[in-house]
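K.L.:
My structure is in data_12.csv, and what it holds is CSV, C-alpha atoms and all ligand atoms:
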chain,number,residue,atom,x,y,z
A,246,MET,CA,5.0,16.4,18.2
A,247,SER,CA,7.1,15.0,21.1
A,248,LYS,CA,8.7,17.6,23.5
A,249,ASN,CA,12.1,16.5,22.0
A,250,ALA,CA,11.5,16.8,18.3
A,251,PHE,CA,14.6,14.8,17.6
A,252,SER,CA,13.3,11.8,19.5
A,253,LEU,CA,12.4,8.6,17.7
A,254,ASP,CA,10.9,7.0,20.7
A,255,GLY,CA,8.2,4.4,19.7
A,256,LYS,CA,8.6,5.0,16.0
A,257,VAL,CA,8.4,1.9,13.8
A,258,ILE,CA,11.4,2.0,11.5
A,259,VAL,CA,12.2,-0.4,8.6
A,260,ILE,CA,15.9,-0.5,7.6
A,261,THR,CA,17.1,-2.3,4.5
A,262,GLY,CA,20.7,-3.6,4.4
A,263,ALA,CA,20.5,-3.6,8.2
A,264,ALA,CA,22.9,-6.5,8.8
A,265,GLY,CA,26.2,-4.6,8.3
A,266,GLY,CA,28.0,-1.3,7.9
A,267,ILE,CA,26.0,1.9,7.9
A,268,GLY,CA,22.6,0.0,8.2
A,269,MET,CA,23.7,-1.6,11.5
A,270,GLU,CA,25.0,1.7,12.9
A,271,VAL,CA,21.7,3.3,12.0
A,272,CYS,CA,20.0,0.5,14.0
A,273,ARG,CA,22.3,1.1,17.0
A,274,GLN,CA,21.6,4.8,17.1
A,275,LEU,CA,17.9,4.8,16.3
A,276,GLY,CA,17.2,1.8,18.4
A,277,GLY,CA,19.1,3.4,21.2
A,278,ASP,CA,16.7,6.3,21.0
A,279,GLY,CA,13.7,4.0,21.6
A,280,ALA,CA,12.6,3.2,18.0
A,281,LYS,CA,11.1,-0.2,17.1
A,282,LEU,CA,13.3,-1.7,14.4
A,283,ILE,CA,12.6,-4.0,11.6
A,284,MET,CA,16.0,-5.1,10.2
A,285,ALA,CA,15.8,-6.3,6.6
A,286,ASP,CA,18.7,-7.9,4.7
A,287,ILE,CA,19.7,-10.9,2.5
A,288,ASP,CA,22.3,-11.9,5.1
A,289,GLU,CA,20.6,-14.0,7.7
A,290,VAL,CA,23.7,-14.7,9.7
A,291,GLY,CA,24.5,-10.9,9.8
A,292,LEU,CA,20.9,-10.2,10.8
A,293,ALA,CA,21.1,-12.7,13.7
A,294,ALA,CA,24.4,-11.2,14.9
A,295,GLY,CA,23.0,-7.7,14.6
A,296,LYS,CA,19.8,-8.5,16.5
A,297,ALA,CA,21.9,-10.2,19.3
A,298,GLU,CA,24.2,-7.2,19.6
A,299,LEU,CA,21.2,-4.9,19.8
A,300,ALA,CA,19.5,-7.1,22.4
A,301,ALA,CA,22.7,-6.9,24.5
A,302,ARG,CA,22.3,-3.1,24.4
A,303,GLY,CA,18.6,-3.4,25.5
A,304,VAL,CA,17.3,-2.6,22.0
A,305,SER,CA,14.6,-4.9,20.6
A,306,ALA,CA,14.5,-5.5,16.9
A,307,VAL,CA,12.9,-8.0,14.6
A,308,THR,CA,14.6,-9.3,11.5
A,309,PHE,CA,13.2,-10.2,8.1
A,310,LYS,CA,15.1,-11.8,5.2
A,311,ALA,CA,14.3,-9.9,2.1
A,312,ASN,CA,16.2,-9.2,-1.1
A,313,SER,CA,15.5,-5.5,-1.9
A,314,SER,CA,15.6,-6.2,-5.6
A,315,VAL,CA,13.0,-8.9,-5.5
A,316,GLU,CA,9.4,-7.5,-5.6
A,317,ALA,CA,7.8,-10.5,-3.9
A,318,ASP,CA,10.4,-10.2,-1.0
A,319,VAL,CA,9.6,-6.5,-0.5
A,320,ILE,CA,5.9,-7.1,-0.6
A,321,ALA,CA,6.3,-9.9,2.0
A,322,LEU,CA,8.5,-7.6,4.2
A,323,PHE,CA,5.8,-4.9,4.4
A,324,LYS,CA,3.0,-7.5,4.9
A,325,PHE,CA,5.1,-8.7,7.9
A,326,VAL,CA,5.5,-5.1,9.2
A,327,ALA,CA,1.7,-4.5,8.8
A,328,LYS,CA,0.9,-7.7,10.7
A,329,GLU,CA,3.4,-7.1,13.5
A,330,PHE,CA,3.2,-3.4,14.0
A,331,GLY,CA,0.0,-2.2,12.1
A,332,MET,CA,2.0,0.4,10.3
A,333,ALA,CA,5.5,1.9,9.8
A,334,ASP,CA,6.6,5.5,10.5
A,335,ILE,CA,10.0,5.6,8.8
A,336,LEU,CA,11.9,3.7,6.0
A,337,ILE,CA,15.7,3.8,5.7
A,338,ASN,CA,16.5,2.7,2.2
A,339,ASN,CA,20.1,1.6,2.6
A,340,ALA,CA,20.8,-1.8,0.9
A,341,ALA,CA,22.9,-1.3,-2.2
A,342,ALA,CA,25.2,-3.2,-4.5
A,343,GLY,CA,28.3,-1.7,-6.1
A,344,THR,CA,30.7,-2.7,-8.8
A,345,HIS,CA,34.1,-1.7,-10.0
A,346,THR,CA,33.6,-2.4,-13.7
A,347,PRO,CA,34.5,-0.1,-16.6
A,348,PRO,CA,31.4,0.9,-18.6
A,349,GLN,CA,32.6,-1.0,-21.7
A,350,ASP,CA,32.9,-4.2,-19.7
A,351,THR,CA,29.6,-3.8,-17.8
A,352,THR,CA,27.5,-6.9,-18.7
A,353,LEU,CA,23.8,-6.7,-18.6
A,354,GLU,CA,24.0,-9.0,-15.6
A,355,ILE,CA,26.2,-6.6,-13.6
A,356,TRP,CA,24.1,-3.7,-14.6
A,357,ASP,CA,20.9,-5.4,-13.6
A,358,THR,CA,22.4,-6.5,-10.2
A,359,VAL,CA,23.6,-3.0,-9.3
A,360,ILE,CA,20.5,-1.1,-10.6
A,361,GLY,CA,18.2,-3.8,-9.2
A,362,THR,CA,19.4,-3.4,-5.7
A,363,SER,CA,20.6,0.2,-5.6
A,364,LEU,CA,17.7,1.8,-7.5
A,365,THR,CA,14.8,-0.6,-8.2
A,366,GLY,CA,15.1,-1.8,-4.6
A,367,TYR,CA,14.7,1.7,-3.2
A,368,PHE,CA,11.6,2.2,-5.4
A,369,LEU,CA,10.0,-1.1,-4.3
A,370,ASN,CA,10.6,-0.5,-0.6
A,371,ALA,CA,9.4,3.1,-0.9
A,372,ARG,CA,6.2,2.0,-2.8
A,373,GLU,CA,5.3,-0.6,-0.2
A,374,PHE,CA,6.1,1.7,2.7
A,375,SER,CA,3.9,4.4,1.2
A,376,LYS,CA,0.9,2.1,1.0
A,377,LEU,CA,1.1,1.5,4.8
A,378,VAL,CA,1.5,5.2,5.6
A,379,ILE,CA,-1.2,6.4,3.3
A,380,ALA,CA,-3.6,3.7,4.7
A,381,ALA,CA,-2.8,4.7,8.3
A,382,LYS,CA,-3.3,8.4,7.5
A,383,LYS,CA,-0.3,9.3,9.6
A,384,PRO,CA,2.9,11.2,8.6
A,385,GLY,CA,5.9,9.2,7.4
A,386,ALA,CA,9.5,9.7,6.5
A,387,ILE,CA,11.9,8.1,4.0
A,388,VAL,CA,15.6,8.5,4.2
A,389,ASN,CA,17.4,7.2,1.1
A,390,ILE,CA,21.2,6.5,1.5
A,391,SER,CA,22.6,7.8,-1.8
A,392,SER,CA,26.3,8.7,-2.3
A,393,ILE,CA,28.4,11.6,-3.5
A,394,ALA,CA,28.6,9.4,-6.6
A,395,GLY,CA,25.0,10.4,-7.3
A,396,SER,CA,26.0,14.0,-8.0
A,397,SER,CA,29.6,13.8,-9.3
A,398,ALA,CA,31.6,11.3,-11.3
A,399,ILE,CA,34.0,9.0,-9.5
A,400,GLY,CA,35.5,6.9,-12.4
A,401,ARG,CA,37.4,3.7,-11.4
A,402,GLY,CA,34.5,1.5,-12.7
A,403,ASN,CA,31.8,3.1,-10.5
A,404,PHE,CA,29.6,3.7,-13.6
A,405,ALA,CA,26.5,1.5,-12.9
A,406,TYR,CA,26.7,2.4,-9.2
A,407,SER,CA,26.8,6.2,-9.9
A,408,VAL,CA,24.0,6.0,-12.3
A,409,ALA,CA,21.9,4.2,-9.7
A,410,LYS,CA,22.7,6.8,-7.1
A,411,GLY,CA,21.9,9.6,-9.5
A,412,GLY,CA,18.5,7.9,-9.9
A,413,VAL,CA,18.1,7.7,-6.2
A,414,ASN,CA,18.6,11.5,-6.0
A,415,GLN,CA,15.9,12.1,-8.6
A,416,MET,CA,13.6,9.5,-7.0
A,417,THR,CA,14.0,11.4,-3.8
A,418,ARG,CA,12.8,14.7,-5.3
A,419,GLU,CA,9.9,13.1,-7.3
A,420,LEU,CA,8.6,11.1,-4.3
A,421,ALA,CA,8.9,14.2,-2.0
A,422,ILE,CA,6.6,16.0,-4.4
A,423,GLU,CA,4.2,13.1,-5.1
A,424,TRP,CA,3.7,12.3,-1.4
A,425,ALA,CA,3.8,15.7,0.2
A,426,LYS,CA,0.0,15.7,0.3
A,427,SER,CA,0.2,12.4,2.2
A,428,LYS,CA,2.7,13.9,4.6
A,429,ILE,CA,5.5,11.6,3.7
A,430,ARG,CA,8.8,13.4,3.7
A,431,VAL,CA,11.5,12.0,1.4
A,432,ASN,CA,15.1,13.0,1.8
A,433,ALA,CA,18.5,11.5,0.8
A,434,ILE,CA,22.0,11.5,2.3
A,435,GLN,CA,25.1,11.5,0.2
A,436,PRO,CA,28.1,10.1,2.1
A,437,CYS,CA,31.7,10.3,0.9
A,438,SER,CA,33.8,7.2,1.7
A,439,VAL,CA,32.6,5.7,4.9
A,440,ASN,CA,34.8,3.6,7.1
A,441,THR,CA,32.7,0.4,7.0
A,442,PRO,CA,33.9,-3.2,6.9
A,443,GLY,CA,32.8,-3.4,3.2
A,444,TRP,CA,34.7,-0.2,2.3
A,445,ARG,CA,37.8,-1.3,4.2
A,446,LYS,CA,37.8,-4.6,2.4
A,447,TRP,CA,37.6,-2.8,-1.0
A,448,VAL,CA,40.5,-0.6,0.0
A,449,GLU,CA,42.5,-3.7,0.9
A,450,THR,CA,41.8,-5.3,-2.4
A,451,GLU,CA,43.8,-2.5,-4.0
A,452,GLY,CA,47.0,-4.1,-2.4
A,453,GLU,CA,50.0,-1.8,-2.9
A,454,LYS,CA,47.7,1.0,-4.2
A,455,ALA,CA,45.7,1.0,-0.9
A,456,LYS,CA,47.8,3.7,0.8
A,457,PRO,CA,47.9,6.1,-2.2
A,458,LEU,CA,44.2,5.4,-2.7
A,459,MET,CA,43.4,6.4,0.9
A,460,GLU,CA,45.6,9.5,0.5
A,461,LEU,CA,43.8,10.4,-2.7
A,462,LEU,CA,40.4,10.0,-1.1
A,463,VAL,CA,41.2,12.0,2.0
A,464,ARG,CA,42.8,14.8,-0.1
A,465,GLY,CA,39.4,15.4,-1.7
A,466,ILE,CA,37.7,15.8,1.7
A,467,PRO,CA,38.3,19.2,3.2
A,468,MET,CA,37.6,17.9,6.7
A,469,GLY,CA,40.6,15.7,6.3
A,470,ARG,CA,39.1,12.2,7.0
A,471,VAL,CA,36.7,9.7,5.6
A,472,ALA,CA,33.3,9.5,7.3
A,473,GLU,CA,32.5,7.1,10.1
A,474,PRO,CA,29.2,5.2,10.1
A,475,GLU,CA,28.1,7.3,13.1
A,476,ASP,CA,28.4,10.5,11.0
A,477,ILE,CA,25.9,9.1,8.6
A,478,ALA,CA,23.6,7.7,11.3
A,479,HIS,CA,23.5,11.2,13.0
A,480,ALA,CA,22.2,12.7,9.7
A,481,VAL,CA,19.7,9.8,9.3
A,482,HIS,CA,18.5,10.4,12.8
A,483,PHE,CA,17.8,14.1,12.1
A,484,LEU,CA,16.0,13.6,8.7
A,485,ALA,CA,13.9,10.7,10.2
A,486,SER,CA,12.8,12.8,13.2
A,487,ASP,CA,10.1,15.4,13.6
A,488,ALA,CA,12.9,18.0,13.9
A,489,ALA,CA,13.0,17.8,10.1
A,490,ALA,CA,9.3,18.3,9.7
A,491,MET,CA,9.8,21.0,7.0
A,492,VAL,CA,12.7,19.2,5.3
A,493,THR,CA,11.7,17.2,2.2
A,494,GLY,CA,13.1,16.7,-1.3
A,495,THR,CA,16.6,17.4,0.1
A,496,ILE,CA,19.8,15.6,-1.0
A,497,LEU,CA,22.2,16.2,2.0
A,498,PRO,CA,25.9,15.6,1.5
A,499,VAL,CA,27.6,14.1,4.6
A,500,ASP,CA,30.9,14.3,3.0
A,501,GLY,CA,33.2,16.6,4.9
A,502,GLY,CA,32.9,19.2,2.1
A,503,ASN,CA,33.9,16.7,-0.7
A,504,LEU,CA,31.2,17.8,-3.1
A,505,ALA,CA,31.7,21.5,-2.3
A,506,TYR,CA,35.4,21.3,-3.0
A,507,ASN,CA,36.5,22.0,-6.6
A,508,ALA,CA,39.2,19.8,-7.9
A,509,GLY,CA,41.2,23.0,-8.7
A,510,GLY,CA,40.6,24.5,-5.2
A,511,THR,CA,43.1,24.6,-2.3
A,512,LEU,CA,42.7,24.5,1.5
A,513,GLY,CA,45.4,27.2,2.0
A,514,ASP,CA,48.4,28.5,0.1
A,515,TYR,CA,49.4,26.5,-3.0
B,1,LIG,N1,30.7,2.7,2.7
B,1,LIG,C1,30.9,3.7,1.9
B,1,LIG,O1,32.0,4.2,1.7
B,1,LIG,C2,29.7,4.4,1.3
B,1,LIG,C3,29.8,5.6,0.6
B,1,LIG,C4,28.7,6.2,0.1
B,1,LIG,C5,27.5,5.6,0.1
B,1,LIG,N2,27.4,4.4,0.7
B,1,LIG,C6,26.0,3.8,0.7
B,1,LIG,O2,25.7,3.5,2.1
B,1,LIG,C7,24.8,2.3,2.0
B,1,LIG,C8,25.4,1.3,3.0
B,1,LIG,O3,26.7,1.0,2.6
B,1,LIG,P1,27.7,0.1,3.5
B,1,LIG,O4,29.1,0.5,3.2
B,1,LIG,O5,27.2,0.1,4.9
B,1,LIG,O6,27.4,-1.3,2.8
B,1,LIG,P2,27.8,-2.8,3.3
B,1,LIG,O7,28.2,-3.5,2.0
B,1,LIG,O8,28.7,-2.7,4.4
B,1,LIG,O9,26.4,-3.3,3.8
B,1,LIG,C9,25.3,-3.4,2.9
B,1,LIG,C10,24.3,-4.3,3.5
B,1,LIG,O10,23.3,-4.5,2.5
B,1,LIG,C11,23.0,-5.9,2.4
B,1,LIG,N3,22.5,-6.1,1.0
B,1,LIG,C12,23.2,-6.2,-0.1
B,1,LIG,N4,22.4,-6.4,-1.2
B,1,LIG,C13,21.2,-6.6,-0.7
B,1,LIG,C14,19.9,-6.8,-1.2
B,1,LIG,N5,19.8,-7.1,-2.6
B,1,LIG,N6,18.8,-6.9,-0.5
B,1,LIG,C15,19.0,-6.7,0.9
B,1,LIG,N7,20.1,-6.4,1.5
B,1,LIG,C16,21.2,-6.4,0.7
B,1,LIG,C17,24.3,-6.6,2.7
B,1,LIG,O11,24.1,-7.9,3.1
B,1,LIG,C18,24.8,-5.7,3.8
B,1,LIG,O12,24.4,-6.1,5.1
B,1,LIG,C19,24.7,1.9,0.6
B,1,LIG,O13,23.6,2.5,0.0
B,1,LIG,C20,26.0,2.5,0.0
B,1,LIG,O14,25.8,2.7,-1.4
B,1,LIG,C21,28.4,3.8,1.3
Hey, can you dump this file as structure tokens for me?

P.N.:
Amino acid sequence: MSKNAFSLDGKVIVITGAAGGIGMEVCRQLGGDGAKLIMADIDEVGLAAGKAELAARGVSAVTFKANSSVEADVIALFKFVAKEFGMADILINNAAAGTHTPPQDTTLEIWDTVIGTSLTGYFLNAREFSKLVIAAKKPGAIVNISSIAGSSAIGRGNFAYSVAKGGVNQMTRELAIEWAKSKIRVNAIQPCSVNTPGWRKWVETEGEKAKPLMELLVRGIPMGRVAEPEDIAHAVHFLASDAAAMVTGTILPVDGGNLAYNAGGTLGDY
């Protein structure tokens, strides 16, 4: 273990959905700590922009176009990682697809897209990552970006997304047990709303309801604000590092107290 157990210096880290939002912030922070990054995404333009931004900060990263929900892409991604780096130390499963479709209107196509990226994609990346780690006989860590939607119901057409995130939580526990003997730790993070470009765009689509929607979201968060991408990246940093050597199978809310807060609770007098 390095002197600073939180250090990721020299670690080989694969990040899915790395081209934007939380994934890109994770790259900034982990790359800034000396990690070697493999940025995977379907968005080639975003990948190139992300890589250029990191290069300007002195962080070297390689990019790979891969759709997390396509098995052949994920296999190709980890073959590339094996060829370039020999092995990988850490996987950040982050790429996800959402929907705002009521259950009764959810077509099989919508269901398959959401579950395919947000659940099957996590499995495929974890499976291919585990093969590299097990073959290298070195410890590994997986951090799955879940959501508070994986543990509580949101409504507003989040049905398929919530089901996927609930699956991610249970996948986290099962894989933590399955792979403990191979020294692969598997943990998940459950963010509340995070102030990413994608999230802001969704709030804007609500038009006149955007302001009351924001007020509603913040009212549910005892810390009084939505999360910033940095808040999530800090938790990823910890769980990915040797400082979390005894942490596995954990589903960590990074939600300002949202999941802890009962809908009938108050933050002071009522
Ligand atoms: N932003 C939030 O409010 C919030 C809240 C809770 C959980 N999360 C979770 O955090 C993670 C990141 O969210 P974000 O807000 O940064 O998302 P985002 O939409 O800003 O970025 C997601 C990235 O994933 C990529 N992507 C989408 N589908 C892909 C696929 N099939 N294969 C590969 N890449 C793909 C996109 O191109 C994009 O770069 C997701 O797992 C999301 O569910 C986000």

K.L.:
Write as a ChimeraX atom specification the residues around ligand LIG 1 (chain B), taking 7 Å as the cut-off and counting all atoms listed in the file.

P.N.:
/A:261-268,285-288,291,311-314,339-343,362-363,390-393,435-444

K.L.:
Report as a Markdown table the residues of stretch 401-466 of chain A within 10 Å of stretch 495-507 of chain A, each with its shortest atom pair and distance in Å (one decimal), using only C-alpha atoms, ordered by chain and increasing residue number.

P.N.:
| residue | atom | partner | partner_atom | distance |
| --- | --- | --- | --- | --- |
| A:Val413 | CA | A:Ile496 | CA | 9.6 |
| A:Asn414 | CA | A:Ile496 | CA | 6.6 |
| A:Gln415 | CA | A:Ile496 | CA | 9.2 |
| A:Thr417 | CA | A:Thr495 | CA | 7.6 |
| A:Arg418 | CA | A:Thr495 | CA | 7.1 |
| A:Ala421 | CA | A:Thr495 | CA | 8.6 |
| A:Arg430 | CA | A:Thr495 | CA | 9.5 |
| A:Val431 | CA | A:Thr495 | CA | 7.5 |
| A:Asn432 | CA | A:Thr495 | CA | 4.9 |
| A:Ala433 | CA | A:Ile496 | CA | 4.7 |
| A:Ile434 | CA | A:Leu497 | CA | 4.7 |
| A:Gln435 | CA | A:Pro498 | CA | 4.4 |
| A:Pro436 | CA | A:Val499 | CA | 4.7 |
| A:Cys437 | CA | A:Asp500 | CA | 4.6 |
| A:Ser438 | CA | A:Asp500 | CA | 7.8 |
| A:Val439 | CA | A:Asp500 | CA | 9.0 |
| A:Leu462 | CA | A:Asn503 | CA | 9.3 |
| A:Val463 | CA | A:Asn503 | CA | 9.1 |
| A:Arg464 | CA | A:Asn503 | CA | 9.1 |
| A:Gly465 | CA | A:Asn503 | CA | 5.7 |
| A:Ile466 | CA | A:Asn503 | CA | 4.6 |

K.L.:
In Å, with one decimal, what is the gap from atom CA of A:Ala398 to atom CA of A:Gly411?

P.N.:
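A separation of 10.0 Å between them.
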
K.L.:
I'd like the contact shell of stretch 319-328 of chain A - 7 Å cut-off, only C-alpha atoms, skipping same-chain residues fewer than 5 positions apart - returned as a PyMOL selection string.

P.N.:
chain A and resi 309+311+313+369-370+373-374

K.L.:
Grab the atom CA of A:Leu282 to atom CA of A:Val304 distance for me, in Å with one decimal place.

P.N.:
8.6 Å

K.L.:
May I have the protein, DNA and RNA residues with an atom at most 12 Å from (11.1, 11.0, 18.3), counting only C-alpha atoms in the file's coordinates, returned as a VMD selection string?

P.N.:
chain A and resid 246 to 258 275 to 281 334 to 335 386 482 to 490

K.L.:
One decimal, in Å: what's the spacing between atom CA of A:Gly303 and atom CA of A:Cys272?

P.N.:
12.2 Å

K.L.:
With all atoms listed in the file as the atoms that count, which of A:Pro474, A:Gly402, A:Gly510, A:Gly366 lies nearest to A:Arg273?

P.N.:
A:Pro474

K.L.:
Let me make sure I understand: among A:Leu364, A:Val481, A:Ala508, A:Ile283, which one has the smallest atom-to-atom distance to A:Ser407 if we use all atoms listed in the file?

P.N.:
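Closest candidate: A:Leu364.
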
K.L.:
With only C-alpha atoms as the atoms that count, which of A:Leu420, A:Ala480, A:Ala455, A:Ala425 lies nearest to A:Arg372?

P.N.:
A:Leu420

K.L.:
Which of these residues is nearest to A:Ile379, using all atoms listed in the file: A:Glu419, A:Trp424, A:Val408, A:His345?

P.N.:
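Selected residue with least distance to A:Ile379: A:Trp424.
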